[in-house]
>>> print(open('final.cif').read())   # mmCIF, C-alpha atoms
data_run
#
loop_
_atom_site.label_atom_id
_atom_site.label_comp_id
_atom_site.auth_asym_id
_atom_site.auth_seq_id
_atom_site.Cartn_x
_atom_site.Cartn_y
_atom_site.Cartn_z
CA MET A 7 99.69 95.17 12.94
CA SER A 8 100.37 98.79 13.70
CA MET A 9 103.46 100.59 12.54
CA ILE A 10 105.46 102.49 15.15
CA LEU A 11 106.98 105.73 13.97
CA PRO A 12 109.85 107.46 15.74
CA GLY A 13 108.36 110.06 18.08
CA PRO A 14 108.89 113.77 17.49
CA ALA A 15 111.03 115.54 20.07
CA PRO A 16 109.04 117.75 22.49
CA GLU A 17 111.26 120.72 21.66
CA LEU A 18 109.83 120.59 18.14
CA THR A 19 106.23 120.14 19.22
CA VAL A 20 104.90 121.28 22.60
CA GLY A 21 107.57 123.92 23.13
CA ARG A 22 106.93 125.62 19.79
CA GLN A 23 103.21 126.26 19.93
CA GLY A 24 102.47 129.94 19.31
CA HIS A 25 105.96 130.63 17.91
CA TYR A 26 106.44 132.25 14.52
CA ALA A 27 106.38 129.60 11.80
CA GLY A 28 109.37 129.16 9.52
CA ALA A 29 109.86 128.99 5.79
CA VAL A 30 109.73 125.23 5.17
CA SER A 31 106.48 124.59 7.04
CA ARG A 32 104.83 127.55 5.35
CA LEU A 33 106.09 126.65 1.89
CA VAL A 34 104.93 123.04 2.24
CA ALA A 35 101.54 124.18 3.56
CA PHE A 36 101.24 126.61 0.64
CA GLY A 37 102.07 123.81 -1.77
CA ALA A 38 99.37 121.66 -0.20
CA ASP A 39 96.91 124.53 -0.56
CA VAL A 40 97.79 125.04 -4.21
CA GLY A 41 97.16 121.33 -4.76
CA ALA A 42 93.95 121.28 -2.71
CA SER A 43 92.47 124.40 -4.31
CA TRP A 44 93.41 123.22 -7.80
CA GLY A 45 91.99 119.77 -7.13
CA LEU A 46 88.75 121.21 -5.80
CA TYR A 47 88.53 123.55 -8.80
CA LEU A 48 88.95 120.65 -11.25
CA LEU A 49 86.38 118.64 -9.31
CA GLY A 50 83.96 121.57 -9.45
CA VAL A 51 84.47 122.03 -13.18
CA ALA A 52 83.94 118.31 -13.80
CA LEU A 53 80.76 118.30 -11.73
CA PHE A 54 79.48 121.40 -13.54
CA ASN A 55 80.18 119.84 -16.95
CA ALA A 56 78.43 116.65 -15.94
CA ALA A 57 75.44 118.53 -14.53
CA TYR A 58 75.22 120.71 -17.65
CA LYS A 59 75.23 117.65 -19.87
CA LEU A 60 72.62 115.96 -17.70
CA VAL A 61 70.26 118.93 -17.79
CA THR A 62 70.71 120.21 -21.35
CA GLY A 63 71.85 117.07 -23.14
CA SER A 64 74.68 118.96 -24.82
CA SER A 65 78.25 119.12 -23.57
CA TYR A 66 79.86 122.29 -22.29
CA ASN A 67 83.44 122.43 -21.09
CA VAL A 68 84.52 125.50 -19.09
CA SER A 69 88.15 124.73 -19.91
CA ASN A 70 87.43 125.43 -23.56
CA HIS A 71 86.53 129.04 -22.73
CA GLN A 72 89.85 130.36 -21.49
CA ALA A 73 88.72 133.78 -20.27
CA LEU A 74 85.85 132.29 -18.31
CA ALA A 75 88.00 129.50 -16.92
CA VAL A 76 90.64 131.95 -15.70
CA SER A 77 88.01 134.24 -14.19
CA VAL A 78 86.33 131.37 -12.38
CA LEU A 79 89.71 130.13 -11.16
CA VAL A 80 90.70 133.57 -9.85
CA VAL A 81 87.38 133.98 -8.01
CA TRP A 82 87.64 130.45 -6.65
CA GLU A 83 91.20 130.94 -5.38
CA PHE A 84 90.21 134.23 -3.80
CA LEU A 85 87.29 132.56 -2.02
CA TYR A 86 89.36 129.52 -1.08
CA TYR A 87 91.94 131.52 0.83
CA SER A 88 89.94 134.49 2.15
CA TYR A 89 86.98 132.44 3.39
CA GLN A 90 89.09 129.90 5.23
CA TRP A 91 91.33 132.54 6.80
CA ALA A 92 88.30 134.57 7.85
CA VAL A 93 86.58 131.57 9.43
CA GLY A 94 89.43 129.85 11.25
CA GLY A 95 92.68 131.61 10.43
CA ARG A 96 93.90 128.60 8.49
CA THR A 97 93.49 126.91 5.14
CA ILE A 98 93.38 123.16 4.53
CA GLY A 99 97.13 123.03 3.93
CA MET A 100 97.86 125.12 7.01
CA ALA A 101 95.60 122.91 9.13
CA VAL A 102 97.41 119.80 7.93
CA PHE A 103 100.83 121.24 8.71
CA GLY A 104 99.76 122.86 11.98
CA LEU A 105 99.93 126.55 11.08
CA GLN A 106 97.60 129.45 11.81
CA VAL A 107 97.35 133.06 10.71
CA VAL A 108 96.98 135.46 13.66
CA THR A 109 97.17 139.20 14.17
CA THR A 110 100.57 140.70 15.01
CA GLU A 111 99.47 140.59 18.65
CA GLY A 112 98.47 136.92 18.40
CA GLY A 113 94.67 137.25 18.28
CA PRO A 114 92.27 135.84 15.69
CA ILE A 115 92.10 137.67 12.37
CA GLY A 116 88.94 139.22 10.94
CA ALA A 117 87.33 139.09 7.50
CA ARG A 118 89.04 142.33 6.41
CA GLN A 119 92.48 140.98 7.26
CA ALA A 120 91.65 137.70 5.54
CA VAL A 121 90.73 139.54 2.32
CA LEU A 122 93.81 141.79 2.51
CA ARG A 123 96.04 138.78 3.10
CA THR A 124 94.58 137.01 0.08
CA LEU A 125 95.28 140.04 -2.09
CA GLY A 126 98.75 140.24 -0.57
CA LEU A 127 99.32 136.58 -1.35
CA ALA A 128 98.38 137.22 -4.99
CA LEU A 129 100.93 140.05 -5.08
CA SER A 130 103.50 137.82 -3.38
CA VAL A 131 103.03 135.12 -6.00
CA ALA A 132 103.43 137.74 -8.73
CA PHE A 133 106.67 139.06 -7.18
CA PHE A 134 107.86 135.76 -5.72
CA TRP A 135 111.51 136.53 -5.29
CA PHE A 136 111.28 139.29 -2.80
CA ALA A 137 107.81 138.89 -1.32
CA PHE A 138 108.64 135.73 0.62
CA TRP A 139 112.11 136.71 1.85
CA GLY A 140 110.57 138.19 4.96
CA ILE A 141 109.74 134.68 6.20
CA ILE A 142 113.47 133.95 6.43
CA PHE A 143 115.00 137.34 7.14
CA GLN A 144 112.37 139.39 8.97
CA ARG A 145 112.38 139.28 12.79
CA GLU A 146 108.72 138.22 13.01
CA ARG A 147 108.99 136.05 9.91
CA ARG A 148 106.36 138.05 8.08
CA ALA A 149 106.02 137.98 4.29
CA LEU A 150 104.59 140.75 2.11
CA ALA A 151 101.04 139.42 2.58
CA ASP A 152 101.49 139.58 6.36
CA PHE A 153 102.63 143.20 6.22
CA ILE A 154 99.69 144.17 4.02
CA ALA A 155 97.15 142.47 6.31
CA GLY A 156 98.87 143.07 9.66
CA THR A 157 99.19 139.37 10.38
CA ALA A 158 101.73 136.72 11.34
CA VAL A 159 101.83 132.94 10.99
CA VAL A 160 102.42 130.72 14.01
CA TYR A 161 102.72 127.02 14.78
CA SER A 162 99.38 125.88 16.09
CA TRP A 163 98.42 122.27 16.48
CA ASP A 164 97.53 120.05 19.39
CA ALA A 165 101.13 119.23 20.19
CA ARG A 166 100.29 118.14 23.72
CA ALA A 167 98.03 115.41 22.38
CA ALA A 168 100.72 114.47 19.85
CA ARG A 169 103.23 114.02 22.66
CA LEU A 170 100.77 111.94 24.69
CA ARG A 171 100.11 109.76 21.68
CA TRP A 172 103.80 109.25 21.23
CA MET A 173 104.33 108.43 24.92
CA ALA A 174 101.37 106.08 24.87
CA ARG A 175 102.88 104.31 21.88
CA ALA A 176 106.14 104.01 23.80
CA GLU A 177 104.26 102.17 26.57
CA ASP A 178 103.35 99.39 24.17
CA GLN A 179 106.97 98.77 23.21
CA PRO A 180 109.57 96.54 24.91
CA HIS A 181 110.92 97.92 28.19
CA GLY A 182 114.28 99.06 26.81
CA ALA A 183 112.62 101.05 24.07
CA VAL A 184 110.37 102.80 26.56
CA GLU A 185 113.31 103.82 28.71
CA HIS A 186 115.17 105.05 25.66
CA ARG A 187 112.24 107.19 24.56
CA LEU A 188 111.68 108.64 28.01
CA GLU A 189 115.36 109.51 28.25
CA GLN A 190 115.05 111.20 24.88
CA ALA A 191 112.00 113.11 26.08
CA GLN A 192 113.80 114.32 29.22
CA ARG A 193 116.77 115.44 27.17
CA PHE A 194 114.53 117.64 25.05
CA GLU A 195 112.33 119.16 27.74
CA PRO A 196 110.26 121.91 26.09
CA GLU A 197 110.87 125.57 26.94
CA THR A 198 107.44 125.93 28.50
CA ASP A 199 108.21 123.16 31.00
CA LYS A 200 111.55 124.72 31.90
CA THR A 201 110.11 128.11 32.70
CA SER A 202 107.15 126.87 34.69
CA MET B 15 62.26 130.27 107.92
CA SER B 16 63.79 129.79 111.42
CA PRO B 17 61.27 128.99 114.26
CA ASN B 18 63.10 131.53 116.48
CA PRO B 19 61.60 135.02 115.81
CA LEU B 20 64.98 136.66 116.48
CA GLY B 21 66.70 134.27 114.19
CA ALA B 22 64.13 134.95 111.50
CA ARG B 23 64.66 138.70 111.71
CA MET B 24 68.42 138.21 111.58
CA GLU B 25 68.00 136.13 108.45
CA GLN B 26 65.85 138.83 106.86
CA LEU B 27 68.43 141.44 107.79
CA ALA B 28 71.25 139.38 106.35
CA GLN B 29 69.23 138.80 103.18
CA ALA B 30 68.52 142.51 102.78
CA LEU B 31 72.17 143.38 103.40
CA ALA B 32 73.33 140.78 100.89
CA GLU B 33 70.91 142.10 98.26
CA ARG B 34 72.37 145.58 98.60
CA ILE B 35 76.03 144.72 99.11
CA VAL B 36 76.53 142.02 96.49
CA PRO B 37 75.63 144.22 93.44
CA MET B 38 77.87 146.96 94.85
CA VAL B 39 80.77 144.51 95.20
CA ILE B 40 80.23 143.13 91.71
CA GLU B 41 80.15 146.62 90.27
CA ALA B 42 83.35 147.46 92.07
CA ILE B 43 85.21 144.45 90.65
CA ASP B 44 87.20 145.06 87.44
CA ILE B 45 86.49 141.79 85.62
CA ASP B 46 89.02 142.51 82.88
CA ALA B 47 91.80 143.10 85.39
CA LEU B 48 90.80 139.91 87.16
CA ILE B 49 90.93 137.90 83.93
CA ASP B 50 94.31 139.41 83.11
CA ARG B 51 95.66 138.07 86.36
CA VAL B 52 94.47 134.55 85.63
CA ASP B 53 97.14 132.33 84.10
CA ILE B 54 95.00 130.56 81.50
CA ASP B 55 97.86 128.32 80.39
CA LYS B 56 98.28 127.10 83.94
CA VAL B 57 94.57 126.43 84.23
CA VAL B 58 94.50 124.55 80.94
CA SER B 59 97.56 122.54 81.85
CA ARG B 60 95.77 121.32 84.95
CA VAL B 61 92.85 120.06 82.91
CA ASP B 62 93.10 116.40 82.00
CA VAL B 63 91.79 116.66 78.44
CA ASP B 64 92.06 112.92 77.83
CA LYS B 65 89.87 112.27 80.83
CA VAL B 66 87.32 114.80 79.59
CA ILE B 67 87.33 113.27 76.11
CA SER B 68 87.05 109.76 77.46
CA LYS B 69 83.88 110.81 79.23
CA VAL B 70 82.34 112.10 76.00
CA ASP B 71 80.24 109.57 74.15
CA VAL B 72 81.12 110.56 70.59
CA ASP B 73 78.88 107.90 69.06
CA LYS B 74 75.95 109.30 70.95
CA ILE B 75 76.73 112.80 69.67
CA ILE B 76 77.06 111.54 66.12
CA ASP B 77 73.79 109.68 66.45
CA ARG B 78 72.12 112.93 67.39
CA VAL B 79 73.54 114.81 64.38
CA ASP B 80 71.24 114.87 61.38
CA VAL B 81 73.87 114.53 58.62
CA GLU B 82 71.30 114.76 55.86
CA LYS B 83 70.16 118.11 57.24
CA VAL B 84 73.75 119.35 57.44
CA ILE B 85 74.44 118.32 53.84
CA GLU B 86 71.25 119.99 52.70
CA ARG B 87 72.43 123.25 54.23
CA VAL B 88 75.81 123.11 52.49
CA ASP B 89 75.95 125.18 49.28
CA VAL B 90 78.09 122.84 47.17
CA GLU B 91 78.05 125.13 44.13
CA LYS B 92 79.45 127.96 46.24
CA ILE B 93 82.27 125.70 47.41
CA ILE B 94 83.02 124.56 43.86
CA ASP B 95 83.06 128.18 42.70
CA ARG B 96 85.75 128.91 45.26
CA VAL B 97 87.95 126.03 44.12
CA ASP B 98 90.56 127.04 41.54
CA ILE B 99 90.27 124.06 39.20
CA ASN B 100 92.84 125.52 36.80
CA ALA B 101 95.43 125.70 39.56
CA ILE B 102 94.78 122.05 40.41
CA VAL B 103 95.04 121.00 36.78
CA GLU B 104 98.27 122.95 36.36
CA LYS B 105 99.76 121.03 39.25
CA LEU B 106 99.00 117.71 37.60
CA ASP B 107 101.99 116.03 36.02
CA ILE B 108 100.24 114.73 32.93
CA ASP B 109 103.37 113.03 31.62
CA ALA B 110 103.78 111.08 34.87
CA LEU B 111 100.09 110.23 34.78
CA VAL B 112 100.39 108.81 31.29
CA GLU B 113 103.56 106.89 32.18
CA GLN B 114 102.19 105.38 35.36
CA THR B 115 98.64 104.60 34.33
CA GLU B 116 96.84 103.12 31.37
CA LEU B 117 95.63 106.58 30.42
CA GLY B 118 98.21 106.78 27.66
CA SER B 119 97.03 103.56 26.07
CA ILE B 120 93.45 104.75 26.26
CA ILE B 121 94.39 108.02 24.56
CA ALA B 122 96.40 106.13 21.97
CA ARG B 123 93.57 103.72 21.24
CA SER B 124 90.93 106.44 21.05
CA THR B 125 92.77 109.11 19.09
CA THR B 126 95.67 107.66 17.22
CA GLY B 127 95.85 106.38 13.74
CA ILE B 128 98.77 105.97 11.44
CA LEU B 129 97.79 109.17 9.60
CA THR B 130 97.75 111.17 12.83
CA GLU B 131 101.16 109.85 13.80
CA ILE B 132 102.57 110.63 10.37
CA LEU B 133 101.20 114.16 10.68
CA ASP B 134 102.79 114.56 14.13
CA VAL B 135 106.14 113.54 12.70
CA ILE B 136 105.83 115.68 9.54
CA ARG B 137 104.93 118.76 11.58
CA ALA B 138 107.87 118.24 13.92
CA GLN B 139 110.20 117.61 11.00
CA GLY B 140 108.92 120.80 9.39
CA VAL B 141 109.79 122.75 12.54
CA GLY B 142 113.26 121.18 12.51
CA LEU B 143 113.79 122.20 8.89
CA ASP B 144 112.49 125.70 9.63
CA ASP B 145 115.16 126.02 12.32
CA PHE B 146 117.80 124.72 9.95
CA ILE B 147 116.94 127.29 7.27
CA PHE B 148 116.71 130.06 9.86
CA ARG B 149 120.14 129.18 11.32
CA TRP B 150 121.73 129.18 7.86
CA ALA B 151 120.10 132.49 6.99
CA ASN B 152 121.56 133.93 10.20
CA ARG B 153 125.00 132.61 9.32
CA LEU B 154 124.84 134.05 5.84
CA THR B 155 123.78 137.46 7.08
CA GLY B 156 126.07 137.37 10.14
CA ARG B 157 123.31 138.31 12.56
CA ARG B 158 123.52 135.42 14.99
CA ARG B 159 123.92 137.57 18.12
CA LYS B 160 121.18 139.98 17.09
CA VAL B 161 118.71 137.13 16.51
CA ALA B 162 118.95 136.05 20.15
CA ASP B 163 116.92 139.14 21.10
CA TRP B 164 114.28 138.55 18.47
CA PRO B 165 110.76 137.58 19.58
CA VAL B 166 109.76 133.95 19.26
CA GLY B 167 106.06 134.70 18.83
CA PRO B 168 103.22 137.24 19.19
CA PRO B 169 102.78 138.60 22.74
CA LEU B 170 99.33 137.09 23.30
CA LEU B 171 100.63 133.61 22.50
CA VAL B 172 104.08 133.50 24.07
CA GLY B 173 103.86 136.16 26.78
CA PRO B 174 105.42 139.63 26.84
CA LYS B 175 108.96 138.42 27.65
CA ALA B 176 109.42 136.50 24.43
CA ALA B 177 107.26 138.84 22.39
CA PRO B 178 108.48 141.66 20.14
CA ALA B 179 109.50 144.87 21.84
CA SER B 180 107.19 147.39 20.22
#
>>> encode(input="final.cif", output="structure tokens")
Amino acid sequence: MSMILPGPAPELTVGRQGHYAGAVSRLVAFGADVGASWGLYLLGVALFNAAYKLVTGSSYNVSNHQALAVSVLVVWEFLYYSYQWAVGGRTIGMAVFGLQVVTTEGGPIGARQAVLRTLGLALSVAFFWFAFWGIIFQRERRALADFIAGTAVVYSWDARAARLRWMARAEDQPHGAVEHRLEQAQRFEPETDKTS
Amino acid sequence: MSPNPLGARMEQLAQALAERIVPMVIEAIDIDALIDRVDIDKVVSRVDVDKVISKVDVDKIIDRVDVEKVIERVDVEKIIDRVDINAIVEKLDIDALVEQTELGSIIARSTTGILTEILDVIRAQGVGLDDFIFRWANRLTGRRRKVADWPVGPPLLVGPKAAPAS
């Protein structure tokens, strides 16, 4: 039996693609990235320890060597963010929550911008209280990292497909429910549909 | 030729005269002026087109046409190149298509899963919360009117109208 979730309004999906992303989405995506990168780091350390024990017969735990552990973690975090931004303009967390880093003009970012943004993010984390205020108060919702790298963050997921999925789900429901959903959809016609 | 010798000579004379006069007359006629004076509409209106068509054996004409040869001579790729597929696709009302056909169910069956649907909802909820925070920030700073002129996205993604004025 499949569960039917309430469909997202088109004004929050299709009509928002390419718009500057707001604070909540970005914060949640960042949280997911912190979790993902930390989880992958722990997995890597565990695999290394196991491999070391398998090859040498003696145990070696990176976590016991604090300086090394911190260094490896810093390098890993740097690679995690800069590589993913350079390749696709998004990290795992950003992909899950439908966000993408683009240039201020809206084009794809390059490796240099990805590296600068990673360094900017490190600075932002160090000076948390003011570095992220730009997301809420700046006109293009750019944080310190965005200013350093010349980037912006936009909503970017396949919202059209999401809407079709939702409408297709509505087809499988009783007639009254379908009508209700279609009425809801018409009430929230996306901006792009209005202008075209 | 006439058996009467006088008659024969007269015929020759008439023939010779005609050969000299006719070209001169034709040269003297202004064909364009003549055509201008012809009321083509009147001529056409007198033609019984139905009668003409009824006399034409269309089947016979079609039988004589080598369709295969015609098709072979048509450059289909050139025709396709001239068709603006994007314009056609833009005209399609995808929503109506999904509503009125089983396309939606096919899409749902092929792409959807509970995780995908949850993600759709979470993303939309995130956008809603973003708006909520942004509205409250505007209230706190008293910049509601000013924000209306702010860009909604980068120019390449939302078009120059909604993009920042640089």
>>> residues_around(input="final.cif", residues="region 37-41 of chain A", least_positions_apart="4", cutoff="10 Å", atoms="all atoms listed in the file", output="NGL selection string")
:A and (31-33 or 45-47 or 83 or 86-87 or 97-103)
>>> write_last_selection(input="final.cif", atoms="C-alpha atoms", output="tab-separated table (two decimals), in the coordinates of the input")
chain	number	residue	atom	x	y	z
A	31	SER	CA	106.48	124.59	7.04
A	32	ARG	CA	104.83	127.55	5.35
A	33	LEU	CA	106.09	126.65	1.89
A	45	GLY	CA	91.99	119.77	-7.13
A	46	LEU	CA	88.75	121.21	-5.80
A	47	TYR	CA	88.53	123.55	-8.80
A	83	GLU	CA	91.20	130.94	-5.38
A	86	TYR	CA	89.36	129.52	-1.08
A	87	TYR	CA	91.94	131.52	0.83
A	97	THR	CA	93.49	126.91	5.14
A	98	ILE	CA	93.38	123.16	4.53
A	99	GLY	CA	97.13	123.03	3.93
A	100	MET	CA	97.86	125.12	7.01
A	101	ALA	CA	95.60	122.91	9.13
A	102	VAL	CA	97.41	119.80	7.93
A	103	PHE	CA	100.83	121.24	8.71
>>> atom_distance(input="final.cif", atom1="CA of Leu122 (chain A)", atom2="CA of Ala155 (chain A)")
5.1 Å
>>> resolve_selection(input="final.cif", expression="the PyMOL selection byres ((chain B) within 7 of (chain A))", output="MDAnalysis selection string")
chainID B and resid 118:119 121:122 126 134:135 137:138 140:144 148 151 164:172
>>> axis_aligned_box(input="final.cif", around="region 133-140 of chain B", padding_each_side="3 Å", output="JSON")
{"center_x": 105.7, "center_y": 117.2, "center_z": 11.8, "size_x": 15.0, "size_y": 13.3, "size_z": 10.7}
>>> closest_atom_pairs(input="final.cif", of="region 65-130 of chain A", to="region 49-58 of chain A", cutoff="8 Å", atoms="only C-alpha atoms", output="tab-separated table")
residue	atom	partner	partner_atom	distance
A:Ser65	CA	A:Tyr58	CA	6.8
A:Tyr66	CA	A:Asn55	CA	5.9
A:Asn67	CA	A:Asn55	CA	5.9
A:Val68	CA	A:Val51	CA	6.9
>>> write_last_selection(input="final.cif", atoms="C-alpha atoms", output="PDB file, keeping the file's coordinate frame")
ATOM      1  CA  SER A  65      78.250 119.120 -23.570  1.00  0.00           C
ATOM      2  CA  TYR A  66      79.860 122.290 -22.290  1.00  0.00           C
ATOM      3  CA  ASN A  67      83.440 122.430 -21.090  1.00  0.00           C
ATOM      4  CA  VAL A  68      84.520 125.500 -19.090  1.00  0.00           C
TER       5      VAL A  68
END
>>> atom_distance(input="final.cif", atom1="CA of Ile54 (chain B)", atom2="CA of Ile67 (chain B)")
19.7 Å
>>> atom_distance(input="final.cif", atom1="CA of Val72 (chain B)", atom2="CA of Asp89 (chain B)")
26.4 Å
>>> decode(input="final.cif", residues="region 75-110 of chain A", atoms="C-alpha atoms", output="PDB file, in the first residue's frame")
ATOM      1  CA  ALA A  75      43.123  13.295  13.062  1.00  0.00           C
ATOM      2  CA  VAL A  76      42.406  17.031  12.908  1.00  0.00           C
ATOM      3  CA  SER A  77      44.675  17.482   9.893  1.00  0.00           C
ATOM      4  CA  VAL A  78      43.035  14.617   8.038  1.00  0.00           C
ATOM      5  CA  LEU A  79      39.597  15.965   8.945  1.00  0.00           C
ATOM      6  CA  VAL A  80      40.460  19.469   7.706  1.00  0.00           C
ATOM      7  CA  VAL A  81      41.821  18.124   4.409  1.00  0.00           C
ATOM      8  CA  TRP A  82      38.819  15.843   4.029  1.00  0.00           C
ATOM      9  CA  GLU A  83      36.311  18.641   4.666  1.00  0.00           C
ATOM     10  CA  PHE A  84      38.145  20.873   2.229  1.00  0.00           C
ATOM     11  CA  LEU A  85      38.019  18.162  -0.441  1.00  0.00           C
ATOM     12  CA  TYR A  86      34.416  17.284   0.362  1.00  0.00           C
ATOM     13  CA  TYR A  87      33.119  20.772  -0.314  1.00  0.00           C
ATOM     14  CA  SER A  88      35.513  22.094  -2.976  1.00  0.00           C
ATOM     15  CA  TYR A  89      35.443  18.959  -5.142  1.00  0.00           C
ATOM     16  CA  GLN A  90      31.667  18.663  -5.163  1.00  0.00           C
ATOM     17  CA  TRP A  91      31.147  22.366  -5.842  1.00  0.00           C
ATOM     18  CA  ALA A  92      33.723  22.285  -8.631  1.00  0.00           C
ATOM     19  CA  VAL A  93      32.145  19.254 -10.276  1.00  0.00           C
ATOM     20  CA  GLY A  94      28.433  20.025 -10.069  1.00  0.00           C
ATOM     21  CA  GLY A  95      27.938  23.200  -8.055  1.00  0.00           C
ATOM     22  CA  ARG A  96      26.307  21.244  -5.255  1.00  0.00           C
ATOM     23  CA  THR A  97      27.191  19.036  -2.326  1.00  0.00           C
ATOM     24  CA  ILE A  98      25.258  15.968  -1.187  1.00  0.00           C
ATOM     25  CA  GLY A  99      23.186  18.035   1.241  1.00  0.00           C
ATOM     26  CA  MET A 100      22.488  20.697  -1.376  1.00  0.00           C
ATOM     27  CA  ALA A 101      21.449  18.048  -3.900  1.00  0.00           C
ATOM     28  CA  VAL A 102      19.029  16.526  -1.407  1.00  0.00           C
ATOM     29  CA  PHE A 103      17.438  19.867  -0.604  1.00  0.00           C
ATOM     30  CA  GLY A 104      17.458  21.112  -4.198  1.00  0.00           C
ATOM     31  CA  LEU A 105      20.070  23.866  -4.021  1.00  0.00           C
ATOM     32  CA  GLN A 106      22.911  24.811  -6.339  1.00  0.00           C
ATOM     33  CA  VAL A 107      25.838  27.215  -6.206  1.00  0.00           C
ATOM     34  CA  VAL A 108      26.068  29.409  -9.315  1.00  0.00           C
ATOM     35  CA  THR A 109      27.997  32.501 -10.328  1.00  0.00           C
ATOM     36  CA  THR A 110      26.419  35.888  -9.602  1.00  0.00           C
TER      37      THR A 110
END
